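S.K.: Pasting upload-v9.pdb below, which is PDB, C-alpha atoms.
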ATOM      1  CA  MET A   6      -9.991  60.291 -14.116  1.00  0.00           C
ATOM      2  CA  LYS A   7     -11.443  57.491 -12.060  1.00  0.00           C
ATOM      3  CA  LYS A   8     -14.375  55.436 -13.331  1.00  0.00           C
ATOM      4  CA  LEU A   9     -17.273  54.670 -11.022  1.00  0.00           C
ATOM      5  CA  GLN A  10     -20.422  52.628 -11.529  1.00  0.00           C
ATOM      6  CA  PHE A  11     -23.646  52.634  -9.545  1.00  0.00           C
ATOM      7  CA  LYS A  12     -26.728  50.443 -10.098  1.00  0.00           C
ATOM      8  CA  ILE A  13     -30.224  50.416  -8.696  1.00  0.00           C
ATOM      9  CA  SER A  14     -33.359  48.397  -9.489  1.00  0.00           C
ATOM     10  CA  ILE A  15     -36.580  50.369  -9.559  1.00  0.00           C
ATOM     11  CA  SER A  16     -40.077  48.855  -9.674  1.00  0.00           C
ATOM     12  CA  ALA A  17     -41.265  51.037 -12.545  1.00  0.00           C
ATOM     13  CA  PRO A  18     -41.081  50.909 -16.351  1.00  0.00           C
ATOM     14  CA  ALA A  19     -38.065  52.483 -18.076  1.00  0.00           C
ATOM     15  CA  ASN A  20     -40.096  55.281 -19.669  1.00  0.00           C
ATOM     16  CA  LYS A  21     -41.258  56.441 -16.226  1.00  0.00           C
ATOM     17  CA  VAL A  22     -37.776  56.194 -14.661  1.00  0.00           C
ATOM     18  CA  TYR A  23     -36.218  58.062 -17.614  1.00  0.00           C
ATOM     19  CA  ASP A  24     -38.871  60.801 -17.432  1.00  0.00           C
ATOM     20  CA  ILE A  25     -38.492  61.288 -13.674  1.00  0.00           C
ATOM     21  CA  MET A  26     -34.688  60.992 -13.597  1.00  0.00           C
ATOM     22  CA  LEU A  27     -34.229  63.654 -16.290  1.00  0.00           C
ATOM     23  CA  GLY A  28     -37.168  65.806 -15.239  1.00  0.00           C
ATOM     24  CA  ILE A  29     -38.682  65.622 -18.733  1.00  0.00           C
ATOM     25  CA  SER A  30     -42.334  66.180 -17.703  1.00  0.00           C
ATOM     26  CA  LYS A  31     -41.516  68.116 -14.526  1.00  0.00           C
ATOM     27  CA  LYS A  32     -38.019  69.479 -13.854  1.00  0.00           C
ATOM     28  CA  SER A  33     -38.760  69.228 -10.131  1.00  0.00           C
ATOM     29  CA  THR A  34     -38.391  65.424 -10.237  1.00  0.00           C
ATOM     30  CA  TYR A  35     -34.768  65.829 -11.409  1.00  0.00           C
ATOM     31  CA  GLU A  36     -34.204  68.445  -8.709  1.00  0.00           C
ATOM     32  CA  GLN A  37     -35.585  66.138  -5.988  1.00  0.00           C
ATOM     33  CA  TRP A  38     -33.106  63.300  -6.493  1.00  0.00           C
ATOM     34  CA  THR A  39     -30.135  65.544  -7.327  1.00  0.00           C
ATOM     35  CA  ALA A  40     -30.762  67.609  -4.177  1.00  0.00           C
ATOM     36  CA  LEU A  41     -28.659  64.969  -2.421  1.00  0.00           C
ATOM     37  CA  PHE A  42     -25.638  66.431  -4.253  1.00  0.00           C
ATOM     38  CA  ASN A  43     -26.672  70.067  -3.726  1.00  0.00           C
ATOM     39  CA  PRO A  44     -30.036  71.254  -2.321  1.00  0.00           C
ATOM     40  CA  THR A  45     -30.282  73.829  -5.147  1.00  0.00           C
ATOM     41  CA  SER A  46     -29.309  71.430  -7.946  1.00  0.00           C
ATOM     42  CA  THR A  47     -31.009  72.044 -11.309  1.00  0.00           C
ATOM     43  CA  TYR A  48     -30.203  72.301 -14.995  1.00  0.00           C
ATOM     44  CA  GLU A  49     -30.549  74.781 -17.828  1.00  0.00           C
ATOM     45  CA  GLY A  50     -30.785  73.443 -21.347  1.00  0.00           C
ATOM     46  CA  SER A  51     -32.284  70.539 -23.224  1.00  0.00           C
ATOM     47  CA  TRP A  52     -31.710  66.776 -23.073  1.00  0.00           C
ATOM     48  CA  SER A  53     -31.602  66.548 -26.888  1.00  0.00           C
ATOM     49  CA  LYS A  54     -28.484  64.995 -28.413  1.00  0.00           C
ATOM     50  CA  GLY A  55     -25.851  67.637 -29.197  1.00  0.00           C
ATOM     51  CA  ASN A  56     -27.343  70.318 -26.949  1.00  0.00           C
ATOM     52  CA  LYS A  57     -25.421  72.258 -24.333  1.00  0.00           C
ATOM     53  CA  MET A  58     -26.553  71.706 -20.757  1.00  0.00           C
ATOM     54  CA  LEU A  59     -25.616  73.561 -17.592  1.00  0.00           C
ATOM     55  CA  PHE A  60     -25.842  71.484 -14.409  1.00  0.00           C
ATOM     56  CA  ILE A  61     -25.946  74.123 -11.724  1.00  0.00           C
ATOM     57  CA  GLY A  62     -26.527  74.908  -8.095  1.00  0.00           C
ATOM     58  CA  THR A  63     -25.796  77.624  -5.588  1.00  0.00           C
ATOM     59  CA  ASP A  64     -22.840  77.297  -3.234  1.00  0.00           C
ATOM     60  CA  GLU A  65     -22.644  78.265   0.441  1.00  0.00           C
ATOM     61  CA  LYS A  66     -21.778  81.860  -0.581  1.00  0.00           C
ATOM     62  CA  GLY A  67     -24.887  82.090  -2.750  1.00  0.00           C
ATOM     63  CA  GLU A  68     -22.916  81.973  -6.006  1.00  0.00           C
ATOM     64  CA  LYS A  69     -24.223  80.004  -8.968  1.00  0.00           C
ATOM     65  CA  GLY A  70     -21.839  77.373 -10.283  1.00  0.00           C
ATOM     66  CA  GLY A  71     -21.634  73.937 -11.817  1.00  0.00           C
ATOM     67  CA  MET A  72     -20.729  72.014 -14.932  1.00  0.00           C
ATOM     68  CA  VAL A  73     -20.866  73.002 -18.603  1.00  0.00           C
ATOM     69  CA  SER A  74     -21.822  69.895 -20.537  1.00  0.00           C
ATOM     70  CA  GLU A  75     -23.058  68.481 -23.808  1.00  0.00           C
ATOM     71  CA  ILE A  76     -25.723  65.838 -24.255  1.00  0.00           C
ATOM     72  CA  PHE A  77     -23.439  63.491 -26.180  1.00  0.00           C
ATOM     73  CA  ASP A  78     -26.176  60.940 -26.853  1.00  0.00           C
ATOM     74  CA  ASN A  79     -29.799  60.383 -25.888  1.00  0.00           C
ATOM     75  CA  MET A  80     -31.808  57.287 -26.787  1.00  0.00           C
ATOM     76  CA  PRO A  81     -35.058  57.891 -24.870  1.00  0.00           C
ATOM     77  CA  ASN A  82     -35.845  55.320 -22.179  1.00  0.00           C
ATOM     78  CA  ARG A  83     -32.574  53.449 -22.915  1.00  0.00           C
ATOM     79  CA  PHE A  84     -29.404  55.534 -22.667  1.00  0.00           C
ATOM     80  CA  VAL A  85     -28.159  59.068 -21.975  1.00  0.00           C
ATOM     81  CA  SER A  86     -24.547  60.187 -22.271  1.00  0.00           C
ATOM     82  CA  ILE A  87     -23.383  63.515 -20.847  1.00  0.00           C
ATOM     83  CA  ARG A  88     -19.934  64.888 -21.701  1.00  0.00           C
ATOM     84  CA  HIS A  89     -18.662  67.454 -19.200  1.00  0.00           C
ATOM     85  CA  TYR A  90     -16.310  69.990 -20.770  1.00  0.00           C
ATOM     86  CA  GLY A  91     -16.287  73.040 -18.553  1.00  0.00           C
ATOM     87  CA  LEU A  92     -17.171  74.737 -15.299  1.00  0.00           C
ATOM     88  CA  LEU A  93     -19.592  77.523 -14.490  1.00  0.00           C
ATOM     89  CA  LYS A  94     -18.369  79.908 -11.810  1.00  0.00           C
ATOM     90  CA  ASP A  95     -20.365  82.982 -10.849  1.00  0.00           C
ATOM     91  CA  HIS A  96     -22.178  83.097 -14.234  1.00  0.00           C
ATOM     92  CA  VAL A  97     -18.931  82.643 -16.230  1.00  0.00           C
ATOM     93  CA  GLU A  98     -18.354  79.546 -18.382  1.00  0.00           C
ATOM     94  CA  ILE A  99     -14.763  78.319 -18.095  1.00  0.00           C
ATOM     95  CA  THR A 100     -13.774  75.809 -20.778  1.00  0.00           C
ATOM     96  CA  LYS A 101      -9.961  76.124 -20.668  1.00  0.00           C
ATOM     97  CA  GLY A 102      -7.292  76.070 -17.995  1.00  0.00           C
ATOM     98  CA  PRO A 103      -5.976  73.795 -15.250  1.00  0.00           C
ATOM     99  CA  GLU A 104      -9.261  73.609 -13.299  1.00  0.00           C
ATOM    100  CA  VAL A 105     -11.115  72.384 -16.385  1.00  0.00           C
ATOM    101  CA  GLU A 106      -8.401  70.073 -17.702  1.00  0.00           C
ATOM    102  CA  LYS A 107      -8.860  67.549 -14.894  1.00  0.00           C
ATOM    103  CA  TRP A 108     -12.599  67.290 -15.781  1.00  0.00           C
ATOM    104  CA  ALA A 109     -12.406  67.778 -19.556  1.00  0.00           C
ATOM    105  CA  ASN A 110     -14.199  65.061 -21.512  1.00  0.00           C
ATOM    106  CA  GLY A 111     -15.420  63.310 -18.409  1.00  0.00           C
ATOM    107  CA  PHE A 112     -18.592  61.347 -19.085  1.00  0.00           C
ATOM    108  CA  GLU A 113     -21.686  60.568 -17.033  1.00  0.00           C
ATOM    109  CA  ASN A 114     -23.785  57.850 -18.653  1.00  0.00           C
ATOM    110  CA  TYR A 115     -27.210  56.553 -17.646  1.00  0.00           C
ATOM    111  CA  THR A 116     -28.367  53.159 -18.964  1.00  0.00           C
ATOM    112  CA  PHE A 117     -31.961  52.003 -18.450  1.00  0.00           C
ATOM    113  CA  GLU A 118     -32.604  48.227 -18.676  1.00  0.00           C
ATOM    114  CA  GLU A 119     -36.216  47.147 -18.236  1.00  0.00           C
ATOM    115  CA  ASN A 120     -37.231  43.583 -17.439  1.00  0.00           C
ATOM    116  CA  ASN A 121     -40.817  42.646 -16.482  1.00  0.00           C
ATOM    117  CA  GLY A 122     -41.673  46.178 -15.337  1.00  0.00           C
ATOM    118  CA  THR A 123     -38.521  46.627 -13.254  1.00  0.00           C
ATOM    119  CA  THR A 124     -35.871  49.023 -14.509  1.00  0.00           C
ATOM    120  CA  THR A 125     -32.211  48.760 -13.619  1.00  0.00           C
ATOM    121  CA  VAL A 126     -30.490  52.126 -13.826  1.00  0.00           C
ATOM    122  CA  ILE A 127     -26.745  51.894 -14.367  1.00  0.00           C
ATOM    123  CA  VAL A 128     -24.722  55.053 -13.884  1.00  0.00           C
ATOM    124  CA  ASP A 129     -21.173  55.088 -15.248  1.00  0.00           C
ATOM    125  CA  LEU A 130     -19.198  58.200 -14.505  1.00  0.00           C
ATOM    126  CA  ASP A 131     -15.748  59.669 -14.663  1.00  0.00           C
ATOM    127  CA  THR A 132     -14.606  61.685 -11.678  1.00  0.00           C
ATOM    128  CA  THR A 133     -11.436  63.179 -10.310  1.00  0.00           C
ATOM    129  CA  GLU A 134      -9.542  61.709  -7.368  1.00  0.00           C
ATOM    130  CA  ASP A 135     -10.659  64.561  -5.078  1.00  0.00           C
ATOM    131  CA  PHE A 136     -14.365  63.833  -5.738  1.00  0.00           C
ATOM    132  CA  LEU A 137     -14.114  60.036  -5.409  1.00  0.00           C
ATOM    133  CA  ASP A 138     -15.269  59.759  -1.783  1.00  0.00           C
ATOM    134  CA  TYR A 139     -18.000  62.356  -2.295  1.00  0.00           C
ATOM    135  CA  MET A 140     -19.436  60.531  -5.325  1.00  0.00           C
ATOM    136  CA  ASN A 141     -19.202  57.131  -3.597  1.00  0.00           C
ATOM    137  CA  GLN A 142     -21.229  58.518  -0.681  1.00  0.00           C
ATOM    138  CA  ALA A 143     -23.667  60.828  -2.492  1.00  0.00           C
ATOM    139  CA  TYR A 144     -24.582  58.849  -5.623  1.00  0.00           C
ATOM    140  CA  PRO A 145     -26.108  55.788  -3.884  1.00  0.00           C
ATOM    141  CA  LYS A 146     -28.217  58.113  -1.678  1.00  0.00           C
ATOM    142  CA  ALA A 147     -29.348  60.089  -4.730  1.00  0.00           C
ATOM    143  CA  LEU A 148     -30.324  56.883  -6.541  1.00  0.00           C
ATOM    144  CA  ASP A 149     -32.252  55.710  -3.460  1.00  0.00           C
ATOM    145  CA  LYS A 150     -34.177  59.004  -3.649  1.00  0.00           C
ATOM    146  CA  LEU A 151     -34.813  58.464  -7.373  1.00  0.00           C
ATOM    147  CA  LYS A 152     -36.166  54.966  -6.594  1.00  0.00           C
ATOM    148  CA  GLU A 153     -38.452  56.393  -3.902  1.00  0.00           C
ATOM    149  CA  ILE A 154     -39.871  59.020  -6.310  1.00  0.00           C
ATOM    150  CA  CYS A 155     -40.336  56.516  -9.169  1.00  0.00           C
ATOM    151  CA  GLU A 156     -42.073  53.907  -7.011  1.00  0.00           C
ATOM    152  CA  LYS A 157     -44.663  56.307  -5.555  1.00  0.00           C
TER     153      LYS A 157
END
Could I get this file's structure written as structure tokens?
M.R.:
Amino acid sequence: MKKLQFKISISAPANKVYDIMLGISKKSTYEQWTALFNPTSTYEGSWSKGNKMLFIGTDEKGEKGGMVSEIFDNMPNRFVSIRHYGLLKDHVEITKGPEVEKWANGFENYTFEENNGTTTVIVDLDTTEDFLDYMNQAYPKALDKLKEICEK
């Protein structure tokens, strides 16, 4: 696993950024910024600590797939930790095997640091070698979209 970090400063309070980033009040706000990864990106589940979450989208063949994850920690407006432990392929959760082993126990953490009404979002994530370039290109664009939505 490779570790990546992305940061962005957003002119909005942490509670607003947290709400919009996770789609707490309206799931569509989460879907807007994550559309830069996959136009059909969404989630099924709850952001509560310990809950299972499916981060899903539809591929070019129209099949639903994504990540099977656990909300490892959630301190509202401050920190969210997501532990990825499986894959979803065509409605089947896969939590064992070679495909999953390279992702198993990979984390995606969001830290929210507010200072004078500006929130810095820090994303720390584990990724595999084959997704390194994709994440380095897509994540900054997705965070720019998040900033745009939050600053409206």
S.K.: For the atom pair CA of Glu68 in chain A and CA of Glu49 in chain A, what is the interatomic distance in Å to one decimal place?
M.R.: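 Computing it gives 15.8 Å between the two atoms.
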S.K.: Would you write out, as a compact mmCIF listing (two decimals) with C-alpha atoms, in the coordinates of the input, every residue that the PyMOL selection byres ((chain A and resi 145) around 12) captures in this file?
M.R.:
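And here is the file that came out, result20.txt:
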# COMPACT_ATOMS: atom_id res chain seq x y z
CA LEU A 9 -17.27 54.67 -11.02
CA GLN A 10 -20.42 52.63 -11.53
CA PHE A 11 -23.65 52.63 -9.54
CA LYS A 12 -26.73 50.44 -10.10
CA ILE A 13 -30.22 50.42 -8.70
CA SER A 14 -33.36 48.40 -9.49
CA TRP A 38 -33.11 63.30 -6.49
CA THR A 39 -30.14 65.54 -7.33
CA LEU A 41 -28.66 64.97 -2.42
CA PHE A 42 -25.64 66.43 -4.25
CA VAL A 126 -30.49 52.13 -13.83
CA ILE A 127 -26.74 51.89 -14.37
CA VAL A 128 -24.72 55.05 -13.88
CA ASP A 138 -15.27 59.76 -1.78
CA TYR A 139 -18.00 62.36 -2.30
CA MET A 140 -19.44 60.53 -5.32
CA ASN A 141 -19.20 57.13 -3.60
CA GLN A 142 -21.23 58.52 -0.68
CA ALA A 143 -23.67 60.83 -2.49
CA TYR A 144 -24.58 58.85 -5.62
CA LYS A 146 -28.22 58.11 -1.68
CA ALA A 147 -29.35 60.09 -4.73
CA LEU A 148 -30.32 56.88 -6.54
CA ASP A 149 -32.25 55.71 -3.46
CA LYS A 150 -34.18 59.00 -3.65
CA LEU A 151 -34.81 58.46 -7.37
CA LYS A 152 -36.17 54.97 -6.59
S.K.: Where does the PyMOL selection byres ((chain A and resi 110-125) around 9) land in this file, that is, which residues does it pick, as number ranges by chain?
M.R.: A: 6, 12-20, 22-23, 77, 82-91, 106-109, 126-132
S.K.: Name the residues captured by the PyMOL selection byres ((chain A and resi 56-64) around 9) when it is applied to the shown file; answer as a PDB file with C-alpha atoms, keeping the file's coordinate frame.
M.R.:
ATOM      1  CA  ASN A  43     -26.672  70.067  -3.726  1.00  0.00           C
ATOM      2  CA  PRO A  44     -30.036  71.254  -2.321  1.00  0.00           C
ATOM      3  CA  THR A  45     -30.282  73.829  -5.147  1.00  0.00           C
ATOM      4  CA  SER A  46     -29.309  71.430  -7.946  1.00  0.00           C
ATOM      5  CA  THR A  47     -31.009  72.044 -11.309  1.00  0.00           C
ATOM      6  CA  TYR A  48     -30.203  72.301 -14.995  1.00  0.00           C
ATOM      7  CA  GLU A  49     -30.549  74.781 -17.828  1.00  0.00           C
ATOM      8  CA  GLY A  50     -30.785  73.443 -21.347  1.00  0.00           C
ATOM      9  CA  SER A  51     -32.284  70.539 -23.224  1.00  0.00           C
ATOM     10  CA  TRP A  52     -31.710  66.776 -23.073  1.00  0.00           C
ATOM     11  CA  SER A  53     -31.602  66.548 -26.888  1.00  0.00           C
ATOM     12  CA  LYS A  54     -28.484  64.995 -28.413  1.00  0.00           C
ATOM     13  CA  GLY A  55     -25.851  67.637 -29.197  1.00  0.00           C
ATOM     14  CA  GLU A  65     -22.644  78.265   0.441  1.00  0.00           C
ATOM     15  CA  LYS A  66     -21.778  81.860  -0.581  1.00  0.00           C
ATOM     16  CA  GLY A  67     -24.887  82.090  -2.750  1.00  0.00           C
ATOM     17  CA  GLU A  68     -22.916  81.973  -6.006  1.00  0.00           C
ATOM     18  CA  LYS A  69     -24.223  80.004  -8.968  1.00  0.00           C
ATOM     19  CA  GLY A  70     -21.839  77.373 -10.283  1.00  0.00           C
ATOM     20  CA  GLY A  71     -21.634  73.937 -11.817  1.00  0.00           C
ATOM     21  CA  MET A  72     -20.729  72.014 -14.932  1.00  0.00           C
ATOM     22  CA  VAL A  73     -20.866  73.002 -18.603  1.00  0.00           C
ATOM     23  CA  SER A  74     -21.822  69.895 -20.537  1.00  0.00           C
ATOM     24  CA  GLU A  75     -23.058  68.481 -23.808  1.00  0.00           C
ATOM     25  CA  ILE A  76     -25.723  65.838 -24.255  1.00  0.00           C
ATOM     26  CA  PHE A  77     -23.439  63.491 -26.180  1.00  0.00           C
ATOM     27  CA  ILE A  87     -23.383  63.515 -20.847  1.00  0.00           C
ATOM     28  CA  LEU A  92     -17.171  74.737 -15.299  1.00  0.00           C
ATOM     29  CA  LEU A  93     -19.592  77.523 -14.490  1.00  0.00           C
TER      30      LEU A  93
END
S.K.: When you draw a straight line from CA of Glu104 in chain A to CA of Asp135 in chain A, how long is it in Å?
M.R.: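 Spanning CA of Glu104 in chain A to CA of Asp135 in chain A is a straight-line distance of 12.3 Å.
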S.K.: One decimal, in Å: what's the spacing between CA of Lys7 in chain A and CA of Phe136 in chain A?
M.R.: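 Taking CA of Lys7 in chain A and CA of Phe136 in chain A, their separation equals 9.4 Å.
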S.K.: Please return the centre and edge lengths, in Å to one decimal, of a box with edges along x, y and z that contains all listed atoms of range 86-95 of chain A, widened by 3 Å on every side, as JSON.
M.R.:
{"center_x": -20.4, "center_y": 71.6, "center_z": -16.6, "size_x": 14.3, "size_y": 28.8, "size_z": 17.4}
S.K.: Grab range 18-75 of chain A from that structure and dump C-alpha atoms to a file, as a PDB file, in the first residue's frame.
M.R.:
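Contents of the output file decode.pdb:
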ATOM      1  CA  PRO A  18     -16.900  26.392   8.802  1.00  0.00           C
ATOM      2  CA  ALA A  19     -15.983  22.765   9.546  1.00  0.00           C
ATOM      3  CA  ASN A  20     -19.561  21.741  10.343  1.00  0.00           C
ATOM      4  CA  LYS A  21     -20.685  22.845   6.869  1.00  0.00           C
ATOM      5  CA  VAL A  22     -17.740  21.179   5.083  1.00  0.00           C
ATOM      6  CA  TYR A  23     -18.266  17.938   7.047  1.00  0.00           C
ATOM      7  CA  ASP A  24     -22.004  17.938   6.274  1.00  0.00           C
ATOM      8  CA  ILE A  25     -21.505  18.562   2.550  1.00  0.00           C
ATOM      9  CA  MET A  26     -18.507  16.238   2.137  1.00  0.00           C
ATOM     10  CA  LEU A  27     -20.328  13.284   3.721  1.00  0.00           C
ATOM     11  CA  GLY A  28     -23.760  14.148   2.362  1.00  0.00           C
ATOM     12  CA  ILE A  29     -25.255  14.166   5.869  1.00  0.00           C
ATOM     13  CA  SER A  30     -28.155  16.567   5.141  1.00  0.00           C
ATOM     14  CA  LYS A  31     -28.380  15.741   1.431  1.00  0.00           C
ATOM     15  CA  LYS A  32     -26.622  12.700  -0.055  1.00  0.00           C
ATOM     16  CA  SER A  33     -26.460  14.557  -3.372  1.00  0.00           C
ATOM     17  CA  THR A  34     -23.678  16.825  -2.052  1.00  0.00           C
ATOM     18  CA  TYR A  35     -21.459  13.751  -1.508  1.00  0.00           C
ATOM     19  CA  GLU A  36     -22.393  12.486  -4.970  1.00  0.00           C
ATOM     20  CA  GLN A  37     -21.479  15.829  -6.592  1.00  0.00           C
ATOM     21  CA  TRP A  38     -17.849  15.908  -5.463  1.00  0.00           C
ATOM     22  CA  THR A  39     -17.280  12.148  -5.771  1.00  0.00           C
ATOM     23  CA  ALA A  40     -18.655  12.194  -9.333  1.00  0.00           C
ATOM     24  CA  LEU A  41     -15.105  13.116 -10.344  1.00  0.00           C
ATOM     25  CA  PHE A  42     -14.125   9.526  -9.464  1.00  0.00           C
ATOM     26  CA  ASN A  43     -17.222   7.951 -11.044  1.00  0.00           C
ATOM     27  CA  PRO A  44     -20.273   9.860 -12.365  1.00  0.00           C
ATOM     28  CA  THR A  45     -22.574   7.394 -10.546  1.00  0.00           C
ATOM     29  CA  SER A  46     -20.673   7.452  -7.241  1.00  0.00           C
ATOM     30  CA  THR A  47     -22.814   7.103  -4.101  1.00  0.00           C
ATOM     31  CA  TYR A  48     -22.929   5.210  -0.829  1.00  0.00           C
ATOM     32  CA  GLU A  49     -25.240   2.873   1.040  1.00  0.00           C
ATOM     33  CA  GLY A  50     -25.035   2.799   4.806  1.00  0.00           C
ATOM     34  CA  SER A  51     -24.478   5.148   7.700  1.00  0.00           C
ATOM     35  CA  TRP A  52     -21.537   7.332   8.743  1.00  0.00           C
ATOM     36  CA  SER A  53     -21.859   6.190  12.377  1.00  0.00           C
ATOM     37  CA  LYS A  54     -18.761   4.654  13.960  1.00  0.00           C
ATOM     38  CA  GLY A  55     -18.698   0.869  13.512  1.00  0.00           C
ATOM     39  CA  ASN A  56     -21.248   0.793  10.690  1.00  0.00           C
ATOM     40  CA  LYS A  57     -20.746  -0.956   7.374  1.00  0.00           C
ATOM     41  CA  MET A  58     -20.692   1.318   4.341  1.00  0.00           C
ATOM     42  CA  LEU A  59     -20.777   0.461   0.653  1.00  0.00           C
ATOM     43  CA  PHE A  60     -19.103   3.024  -1.610  1.00  0.00           C
ATOM     44  CA  ILE A  61     -20.542   2.186  -4.988  1.00  0.00           C
ATOM     45  CA  GLY A  62     -20.963   3.212  -8.579  1.00  0.00           C
ATOM     46  CA  THR A  63     -21.867   1.706 -11.912  1.00  0.00           C
ATOM     47  CA  ASP A  64     -19.141   0.699 -14.349  1.00  0.00           C
ATOM     48  CA  GLU A  65     -19.107   1.096 -18.134  1.00  0.00           C
ATOM     49  CA  LYS A  66     -21.007  -2.219 -18.470  1.00  0.00           C
ATOM     50  CA  GLY A  67     -23.754  -0.985 -16.157  1.00  0.00           C
ATOM     51  CA  GLU A  68     -22.703  -3.270 -13.298  1.00  0.00           C
ATOM     52  CA  LYS A  69     -22.784  -2.025  -9.720  1.00  0.00           C
ATOM     53  CA  GLY A  70     -19.478  -2.281  -7.891  1.00  0.00           C
ATOM     54  CA  GLY A  71     -17.269  -0.608  -5.337  1.00  0.00           C
ATOM     55  CA  MET A  72     -15.780  -0.923  -1.888  1.00  0.00           C
ATOM     56  CA  VAL A  73     -17.068  -2.670   1.236  1.00  0.00           C
ATOM     57  CA  SER A  74     -15.987  -0.567   4.189  1.00  0.00           C
ATOM     58  CA  GLU A  75     -16.429   0.160   7.864  1.00  0.00           C
TER      59      GLU A  75
END
